[in-house]
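One file, upload_18.txt, carrying compact mmCIF, C-alpha atoms:
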# COMPACT_ATOMS: atom_id res chain seq x y z
CA MET A 1 -103.21 19.49 92.08
CA GLN A 2 -106.22 17.83 93.65
CA THR A 3 -106.76 14.29 92.43
CA ASN A 4 -110.49 14.78 91.82
CA LEU A 5 -111.62 16.05 88.42
CA HIS A 6 -115.24 17.20 88.69
CA VAL A 7 -117.13 16.38 85.49
CA VAL A 8 -120.31 18.43 85.13
CA VAL A 9 -122.67 17.92 82.19
CA THR A 10 -125.27 20.64 81.70
CA MET A 11 -128.28 21.20 79.48
CA ASP A 12 -130.08 24.43 78.64
CA VAL A 13 -133.77 23.53 78.54
CA GLU A 14 -135.25 25.89 75.99
CA VAL A 15 -138.74 26.96 75.06
CA PRO A 16 -139.93 25.06 71.95
CA THR A 17 -139.29 26.94 68.74
CA SER A 18 -143.02 26.76 68.02
CA GLN A 19 -143.43 29.16 70.97
CA SER A 20 -140.46 31.44 70.29
CA HIS A 21 -138.72 31.65 66.90
CA ASP A 22 -137.94 29.14 64.15
CA SER A 23 -134.24 30.01 64.15
CA ALA A 24 -133.81 29.93 67.94
CA SER A 25 -132.29 27.06 69.90
CA GLY A 26 -134.77 24.61 71.36
CA PRO A 27 -136.86 21.58 70.46
CA PRO A 28 -139.68 21.77 67.93
CA ASN A 29 -142.29 21.03 70.61
CA ALA A 30 -142.57 20.35 74.33
CA GLU A 31 -143.04 16.60 73.99
CA SER A 32 -139.79 16.19 72.04
CA GLY A 33 -137.93 18.48 74.43
CA GLY A 34 -138.99 16.42 77.42
CA ARG A 35 -138.04 13.10 75.82
CA TRP A 36 -134.67 14.43 74.74
CA SER A 37 -133.94 15.82 78.21
CA LYS A 38 -134.63 12.40 79.74
CA ALA A 39 -132.52 10.66 77.09
CA PHE A 40 -129.60 12.98 77.87
CA ALA A 41 -129.82 11.96 81.53
CA GLU A 42 -129.74 8.31 80.50
CA VAL A 43 -126.60 8.75 78.41
CA ALA A 44 -124.87 10.78 81.13
CA GLY A 45 -125.99 8.30 83.76
CA SER A 46 -124.27 5.46 81.93
CA PHE A 47 -121.03 7.27 82.80
CA GLY A 48 -122.06 7.93 86.40
CA LEU A 49 -122.80 11.58 85.69
CA PRO A 50 -125.76 13.56 87.04
CA VAL A 51 -127.07 16.39 84.86
CA THR A 52 -127.48 20.05 85.74
CA TYR A 53 -130.55 21.31 83.88
CA PHE A 54 -131.07 25.05 83.36
CA VAL A 55 -134.81 25.33 82.75
CA HIS A 56 -136.58 28.27 81.10
CA PRO A 57 -139.60 29.38 83.19
CA GLU A 58 -142.18 28.54 80.52
CA VAL A 59 -140.88 24.98 80.32
CA ALA A 60 -140.98 24.72 84.12
CA VAL A 61 -144.67 25.68 84.04
CA GLU A 62 -145.51 23.20 81.28
CA GLN A 63 -143.30 20.28 82.32
CA GLY A 64 -142.50 20.91 85.98
CA GLY A 65 -143.43 17.34 86.93
CA LEU A 66 -140.76 15.90 84.64
CA TYR A 67 -138.01 18.10 86.04
CA LYS A 68 -139.11 17.47 89.62
CA GLN A 69 -138.71 13.75 88.93
CA LEU A 70 -135.27 14.33 87.45
CA GLU A 71 -134.24 16.38 90.47
CA GLU A 72 -135.48 13.66 92.81
CA SER A 73 -133.30 11.20 90.85
CA GLY A 74 -130.17 13.16 91.75
CA HIS A 75 -130.02 15.77 89.02
CA CYS A 76 -129.73 19.52 89.67
CA LEU A 77 -132.08 22.27 88.50
CA GLY A 78 -131.28 25.88 87.75
CA LEU A 79 -133.06 28.80 86.10
CA HIS A 80 -132.39 29.67 82.46
CA LEU A 81 -133.37 32.97 80.83
CA HIS A 82 -133.27 34.48 77.38
CA ALA A 83 -134.49 38.01 78.07
CA TRP A 84 -136.20 38.43 74.70
CA ARG A 85 -138.04 35.11 74.97
CA PHE A 86 -139.23 35.70 78.52
CA ASP A 87 -140.44 39.26 77.92
CA ASN A 88 -140.80 40.31 74.30
CA ARG A 89 -140.63 43.98 75.24
CA TYR A 90 -136.86 43.47 75.31
CA ARG A 91 -135.02 42.83 72.06
CA CYS A 92 -131.79 41.63 73.67
CA GLU A 93 -130.22 38.84 75.65
CA PHE A 94 -129.83 39.07 79.43
CA GLY A 95 -126.61 41.10 79.39
CA GLY A 96 -128.42 43.84 77.49
CA LEU A 97 -130.65 44.60 80.47
CA ASN A 98 -129.75 47.36 82.90
CA GLU A 99 -129.51 46.48 86.60
CA SER A 100 -133.09 47.44 87.42
CA GLN A 101 -134.48 45.49 84.48
CA ALA A 102 -132.39 42.43 85.38
CA ARG A 103 -133.61 42.49 88.98
CA GLN A 104 -137.21 42.77 87.87
CA MET A 105 -136.94 39.94 85.34
CA LEU A 106 -135.15 37.60 87.75
CA ALA A 107 -137.70 38.35 90.48
CA GLN A 108 -140.57 37.60 88.11
CA ALA A 109 -138.97 34.39 86.86
CA SER A 110 -138.20 33.33 90.44
CA ASP A 111 -141.86 33.84 91.40
CA ILE A 112 -142.84 31.45 88.61
CA TRP A 113 -140.20 28.98 89.76
CA ARG A 114 -141.49 29.04 93.35
CA THR A 115 -145.03 28.42 92.14
CA VAL A 116 -143.89 25.33 90.22
CA PHE A 117 -141.21 23.87 92.49
CA GLY A 118 -142.11 25.31 95.89
CA VAL A 119 -138.66 26.83 96.42
CA SER A 120 -136.64 29.71 95.00
CA PRO A 121 -134.07 28.91 92.30
CA LEU A 122 -130.48 28.80 93.53
CA TYR A 123 -128.61 28.44 90.25
CA PHE A 124 -128.66 30.38 86.99
CA ARG A 125 -127.43 30.45 83.42
CA PRO A 126 -128.34 33.20 80.93
CA GLY A 127 -129.05 32.41 77.31
CA THR A 128 -125.95 32.69 75.07
CA MET A 129 -123.89 33.28 78.25
CA SER A 130 -124.99 36.92 78.11
CA ALA A 131 -124.13 39.06 81.14
CA ASN A 132 -122.78 42.43 82.21
CA ASP A 133 -120.91 43.82 85.21
CA ALA A 134 -124.05 44.07 87.35
CA THR A 135 -125.21 40.49 86.75
CA PHE A 136 -123.30 38.68 89.50
CA ARG A 137 -124.19 41.35 92.06
CA VAL A 138 -127.88 41.13 91.18
CA LEU A 139 -127.90 37.33 91.38
CA SER A 140 -126.15 37.35 94.74
CA ASP A 141 -128.50 40.01 96.12
CA LEU A 142 -131.53 37.93 95.07
CA GLY A 143 -130.30 34.83 96.89
CA PHE A 144 -128.79 32.81 94.07
CA ARG A 145 -125.91 30.63 95.21
CA GLY A 146 -124.16 30.02 91.93
CA GLY A 147 -124.36 29.72 88.19
CA SER A 148 -122.64 28.92 84.96
CA LEU A 149 -122.55 32.26 83.22
CA SER A 150 -119.21 32.59 81.46
CA LEU A 151 -117.71 31.08 78.34
CA PRO A 152 -114.06 32.22 78.34
CA GLY A 153 -112.92 33.57 74.99
CA ARG A 154 -116.42 34.25 73.68
CA VAL A 155 -116.81 37.65 72.02
CA PHE A 156 -120.38 38.00 70.75
CA PRO A 157 -121.01 41.76 71.03
CA ASP A 158 -124.46 41.51 69.45
CA LYS A 159 -125.51 39.13 72.23
CA HIS A 160 -123.92 41.16 75.06
CA ALA A 161 -121.64 38.18 75.70
CA ILE A 162 -118.00 39.26 76.10
CA TRP A 163 -115.77 36.84 78.05
CA MET A 164 -112.29 37.32 76.56
CA GLY A 165 -109.82 37.00 79.43
CA ALA A 166 -112.36 35.68 81.95
CA PRO A 167 -111.26 33.09 84.56
CA LEU A 168 -111.11 29.57 83.19
CA ASP A 169 -111.94 27.71 86.41
CA PRO A 170 -114.73 27.80 89.04
CA HIS A 171 -114.43 30.85 91.29
CA ARG A 172 -116.27 33.31 93.50
CA ALA A 173 -117.79 36.11 91.46
CA HIS A 174 -117.04 39.82 91.74
CA PRO A 175 -119.87 42.30 92.45
CA ASP A 176 -118.64 45.01 90.06
CA PHE A 177 -116.49 43.38 87.36
CA ARG A 178 -117.50 40.09 85.79
CA MET A 179 -114.02 39.26 84.47
CA VAL A 180 -112.21 38.55 87.76
CA ASP A 181 -112.47 36.52 90.96
CA GLY A 182 -114.27 38.31 93.76
CA PRO A 183 -115.60 38.17 97.30
CA LEU A 184 -119.25 37.24 96.64
CA ASP A 185 -120.87 34.19 98.19
CA PHE A 186 -121.76 33.23 94.64
CA ALA A 187 -119.83 30.63 92.66
CA ASN A 188 -119.44 30.84 88.88
CA MET A 189 -118.60 27.69 86.91
CA PRO A 190 -117.24 28.63 83.47
CA VAL A 191 -117.87 26.42 80.47
CA SER A 192 -114.67 24.49 79.76
CA VAL A 193 -112.81 25.59 76.63
CA ASP A 194 -109.72 24.63 74.66
CA THR A 195 -107.48 27.70 74.86
CA SER A 196 -105.03 26.47 72.21
CA ALA A 197 -106.89 28.27 69.40
CA LEU A 198 -109.10 31.34 69.10
CA ILE A 199 -111.62 31.00 66.28
CA ALA A 200 -112.89 34.01 64.32
CA LYS A 201 -116.15 33.69 62.38
CA GLY A 202 -118.53 36.36 61.17
CA GLY A 203 -117.14 39.09 63.39
CA ARG A 204 -117.28 36.88 66.48
CA HIS A 205 -114.51 35.12 68.39
CA PHE A 206 -114.55 32.01 70.56
CA HIS A 207 -112.65 29.01 71.84
CA TYR A 208 -114.12 25.61 71.10
CA ASP A 209 -115.84 23.95 74.04
CA LEU A 210 -116.97 20.37 74.57
CA ARG A 211 -120.57 20.60 73.40
CA PRO A 212 -121.41 17.59 71.24
CA ASP A 213 -123.19 19.85 68.74
CA PHE A 214 -119.84 20.67 67.08
CA THR A 215 -119.53 18.20 64.20
CA ASP A 216 -116.36 19.56 62.56
CA ILE A 217 -113.78 18.98 65.32
CA ASP A 218 -111.77 16.13 66.83
CA HIS A 219 -113.52 15.70 70.18
CA VAL A 220 -110.96 13.24 71.55
CA ALA A 221 -108.01 15.54 70.83
CA MET A 222 -109.85 18.51 72.30
CA VAL A 223 -110.63 16.61 75.51
CA ARG A 224 -106.96 15.76 75.94
CA ARG A 225 -105.94 19.39 75.43
CA ILE A 226 -108.55 20.70 77.88
CA VAL A 227 -107.64 18.19 80.60
CA GLY A 228 -103.95 18.95 80.06
CA GLN A 229 -104.62 22.67 80.36
CA ILE A 230 -106.53 22.12 83.62
CA VAL A 231 -103.64 20.09 85.03
CA GLU A 232 -101.19 22.84 84.04
CA ARG A 233 -103.31 25.56 85.68
CA ASN A 234 -103.73 23.48 88.87
CA PRO A 235 -106.92 25.24 90.04
CA ARG A 236 -108.50 24.93 93.47
CA VAL A 237 -111.51 23.18 91.92
CA PRO A 238 -110.57 21.18 88.81
CA CYS A 239 -113.71 20.95 86.70
CA ILE A 240 -114.88 20.09 83.23
CA ASN A 241 -118.18 21.77 82.35
CA LEU A 242 -119.86 20.51 79.18
CA LEU A 243 -123.03 22.06 77.81
CA THR A 244 -125.72 21.23 75.29
CA HIS A 245 -129.40 22.02 74.67
CA ASN A 246 -132.63 20.05 74.59
CA ASP A 247 -132.87 20.35 70.83
CA HIS A 248 -131.08 17.07 70.03
CA ASP A 249 -132.51 13.55 70.23
CA PHE A 250 -130.02 11.86 72.54
CA SER A 251 -132.01 8.61 72.33
CA ASN A 252 -130.95 8.30 68.68
CA GLN A 253 -127.67 6.37 68.74
CA ALA A 254 -127.16 7.08 65.03
CA SER A 255 -127.23 10.84 65.58
CA ALA A 256 -123.88 12.59 65.09
CA VAL A 257 -124.54 14.66 68.22
CA THR A 258 -125.23 11.56 70.34
CA ARG A 259 -122.10 9.87 68.96
CA ASN A 260 -120.05 12.96 69.77
CA LEU A 261 -121.40 12.98 73.32
CA LEU A 262 -120.45 9.32 73.85
CA VAL A 263 -117.00 9.85 72.33
CA THR A 264 -116.43 12.94 74.49
CA LEU A 265 -117.46 11.30 77.77
CA LYS A 266 -115.31 8.24 77.05
CA ALA A 267 -112.39 10.51 76.20
CA ILE A 268 -112.78 12.42 79.49
CA GLU A 269 -112.60 9.14 81.41
CA ARG A 270 -109.45 8.11 79.55
CA ALA A 271 -107.74 11.50 79.82
CA ALA A 272 -108.46 11.71 83.55
CA SER A 273 -106.90 8.27 84.03
CA GLU A 274 -103.85 9.16 81.93
CA TYR A 275 -103.24 12.27 84.04
CA GLY A 276 -103.72 10.37 87.29
CA LEU A 277 -106.99 12.09 88.16
CA SER A 278 -110.06 10.48 89.63
CA TYR A 279 -113.22 11.01 87.63
CA GLN A 280 -116.05 12.44 89.74
CA GLY A 281 -119.54 13.11 88.40
CA SER A 282 -120.77 16.37 89.94
CA THR A 283 -123.52 18.95 89.64
CA LEU A 284 -123.32 22.72 89.80
CA ALA A 285 -124.45 22.42 93.43
CA ASP A 286 -121.35 20.32 94.16
CA ILE A 287 -119.11 22.89 92.45
CA CYS A 288 -120.65 25.67 94.53
CA ASP A 289 -119.95 23.64 97.68
CA ALA A 290 -116.31 23.24 96.65
CA VAL A 291 -115.78 26.88 95.64
CA LEU A 292 -117.57 28.45 98.61
CA ALA A 293 -115.71 26.21 101.06
CA HIS A 294 -112.68 28.43 100.40
CA PRO A 295 -112.49 32.04 101.58
CA PRO A 296 -112.23 34.74 98.91
CA GLN A 297 -108.78 35.12 97.40
CA GLU A 298 -107.09 38.45 97.99
CA ASN A 299 -106.50 40.40 94.81
CA THR A 300 -103.24 42.34 94.74
CA PHE A 301 -102.84 45.56 92.82
CA ASP A 302 -99.79 46.05 90.57
CA PRO A 303 -99.10 49.81 90.20
CA SER A 304 -96.89 49.17 87.15
CA GLY A 305 -100.09 48.61 85.16
CA GLY A 306 -99.74 47.44 81.58
CA ARG A 307 -96.21 48.75 81.12
CA VAL A 308 -94.79 45.32 81.91
CA LEU A 309 -96.39 43.97 78.74
CA PHE A 310 -94.25 46.03 76.39
CA ASN A 311 -90.65 46.64 75.54
CA GLU A 312 -89.31 49.40 73.29
CA ASP A 313 -89.59 47.27 70.12
CA ASP A 314 -93.29 46.63 70.83
CA ARG A 315 -94.32 50.27 71.12
CA PRO A 316 -96.36 51.74 68.23
CA ARG A 317 -94.48 54.19 66.00
CA GLY A 318 -95.66 57.38 64.37

Final structure tokens representation of the file:
Amino acid sequence: MQTNLHVVVTMDVEVPTSQSHDSASGPPNAESGGRWSKAFAEVAGSFGLPVTYFVHPEVAVEQGGLYKQLEESGHCLGLHLHAWRFDNRYRCEFGGLNESQARQMLAQASDIWRTVFGVSPLYFRPGTMSANDATFRVLSDLGFRGGSLSLPGRVFPDKHAIWMGAPLDPHRAHPDFRMVDGPLDFANMPVSVDTSALIAKGGRHFHYDLRPDFTDIDHVAMVRRIVGQIVERNPRVPCINLLTHNDHDFSNQASAVTRNLLVTLKAIERAASEYGLSYQGSTLADICDAVLAHPPQENTFDPSGGRVLFNEDDRPRG
């Protein structure tokens, strides 16, 4: 296995709830959201980690100066979209759009991005990790270089977010099937998850990930399991991808979420050292560089199909 463990911390920068919906993710107002985004960078920076911010277009328009400053300080910017927030004609997340609708929405959002930042967006994350089999193809066609779209193990049918069985490590995306490696010049960086348990709640399924928002788990133990699982898989690009949102005050040291973030980042440092890995703060841009430096992997077809999964005792009766 490579000795470098890329550690990528990401934040979804949401529209304030005052401009969308009281129950949605996001800060109560723009001023709080901006302060909390900066505070997150300060906490991450104390561990030598740049932040990858996925910014919703409306926030880019209102606070573009702040995020330009953050980018100039070494952080990475990408586009974030909740379909229903960006265009209220749609009552779905991004994966609920058909291919034509997705192209149109991304083109419109990219136009806004160019107006604010002077360049086209290169990186993307959909709200709730919602995507379908056309999404990677559309992003690649429109000039995006990479994204963080998948959360392996997540099964949220109502959000068009189904990632059970998806690749666990950074990889080139496939143009026609989101669940496998492919030949596209587009790199996908999955959110890191602990595969030791699949949680079922309210008709949904998921693996726990490293977001500090979870207040009912042992973050140190989960870090050790995730790092151990990465070492066992021995991927081309070893990477931890942690996410959160701009709806927590990371300047508040007494906050449970801030404490969880500090505990998690310290635990990643320790686990990397224990496994003999060097700890490297990276952005999504760095992960794309690492993934796209390798040619596409050849996928081999097994004509035996699913038969190898069963023996006679496993077959259904009656």

Near range 264-268 of chain A, 7 Å: range 130-245 of chain A residue rows, closest pairs, all atoms listed in the file, as a Markdown table:
| residue | atom | partner | partner_atom | distance |
| --- | --- | --- | --- | --- |
| A:His219 | CA | A:Thr264 | CA | 5.9 |
| A:Val220 | CA | A:Ala267 | CA | 5.6 |
| A:Val223 | CA | A:Ile268 | CA | 6.2 |

| What gap, in Å, lies between CA of Gln19 in chain A and CA of Glu62 in chain A? |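 Taking CA of Gln19 in chain A and CA of Glu62 in chain A, their separation equals 12.1 Å.
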
Near Gly165 in chain A, within 10 Å and counting all atoms listed in the file, which residues show up once chain neighbours fewer than 5 positions away are dropped, as a PDB file with C-alpha atoms, in the frame of the given file?
ATOM      1  CA  LEU A 151    -117.710  31.080  78.340  1.00  0.00           C
ATOM      2  CA  PRO A 152    -114.060  32.220  78.340  1.00  0.00           C
ATOM      3  CA  GLY A 153    -112.920  33.570  74.990  1.00  0.00           C
ATOM      4  CA  ARG A 154    -116.420  34.250  73.680  1.00  0.00           C
ATOM      5  CA  MET A 179    -114.020  39.260  84.470  1.00  0.00           C
ATOM      6  CA  VAL A 180    -112.210  38.550  87.760  1.00  0.00           C
TER       7      VAL A 180
END

| task | Would you mind reading off the distance between CA of Ile112 in chain A and CA of Glu99 in chain A, one decimal, in Å? | result | 20.2 Å

| query | Counting all atoms listed in the file, which of A:Ala41, A:Leu262, A:Cys288, A:Ala161 gets nearest to Phe144 in chain A? | reply | A:Cys288

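Residue nearest Lys38 in chain A within the list A:Trp84, A:Phe124, A:Tyr67, A:Phe214: A:Tyr67 [criterion: smallest interatomic distance, all atoms listed in the file].
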
| remark: Counting all atoms listed in the file, the residue among A:Ile230, A:Leu261, A:Val55, A:Leu168 that lies closest to Gly127 in chain A is A:Val55

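Note that CA of Arg91 in chain A and CA of Ser37 in chain A are 27.7 Å apart.
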
| message | For a quick check of understanding, using all atoms listed in the file, which of A:Ser282, A:Phe156, A:Leu149, A:Pro170 has the smallest distance to Asn234 in chain A? | response |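 Result for the nearest residue to Asn234 in chain A: A:Pro170.
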
| said: So that I can see what lies close to Asp12 in chain A, please list as a ChimeraX atom specification the residues with an atom at most 8 Å from it, counting all atoms listed in the file and leaving out residues fewer than 5 positions away in the same chain. | reply: /A:53-56,80,243-246

| request: Determine the nearest neighbour of Ala187 in chain A from the options A:Leu106, A:Ala221, A:Ala290, A:Leu277, counting only C-alpha atoms. | output: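 Of A:Leu106, A:Ala221, A:Ala290, A:Leu277, the one nearest Ala187 in chain A, counting only C-alpha atoms, is A:Ala290.
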
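With all atoms listed in the file as the basis for measurement, A:Asp213 is the residue among A:Asp158, A:Asp133, A:Glu42, A:Asp213 that approaches Ala256 in chain A most closely.
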
| field | Long-range neighbours of Asn29 in chain A as a VMD selection string, 10 Å cut-off, all atoms listed in the file, 6 positions minimum in chain | value | chain A and resid 15 to 19 247

May I have the residues from that selection written out with C-alpha atoms, as a short mmCIF file (atom, residue, chain, number, x, y, z; two decimals), in the frame of the given file?
data_model
loop_
_atom_site.label_atom_id
_atom_site.label_comp_id
_atom_site.auth_asym_id
_atom_site.auth_seq_id
_atom_site.Cartn_x
_atom_site.Cartn_y
_atom_site.Cartn_z
CA VAL A 15 -138.74 26.96 75.06
CA PRO A 16 -139.93 25.06 71.95
CA THR A 17 -139.29 26.94 68.74
CA SER A 18 -143.02 26.76 68.02
CA GLN A 19 -143.43 29.16 70.97
CA ASP A 247 -132.87 20.35 70.83
#
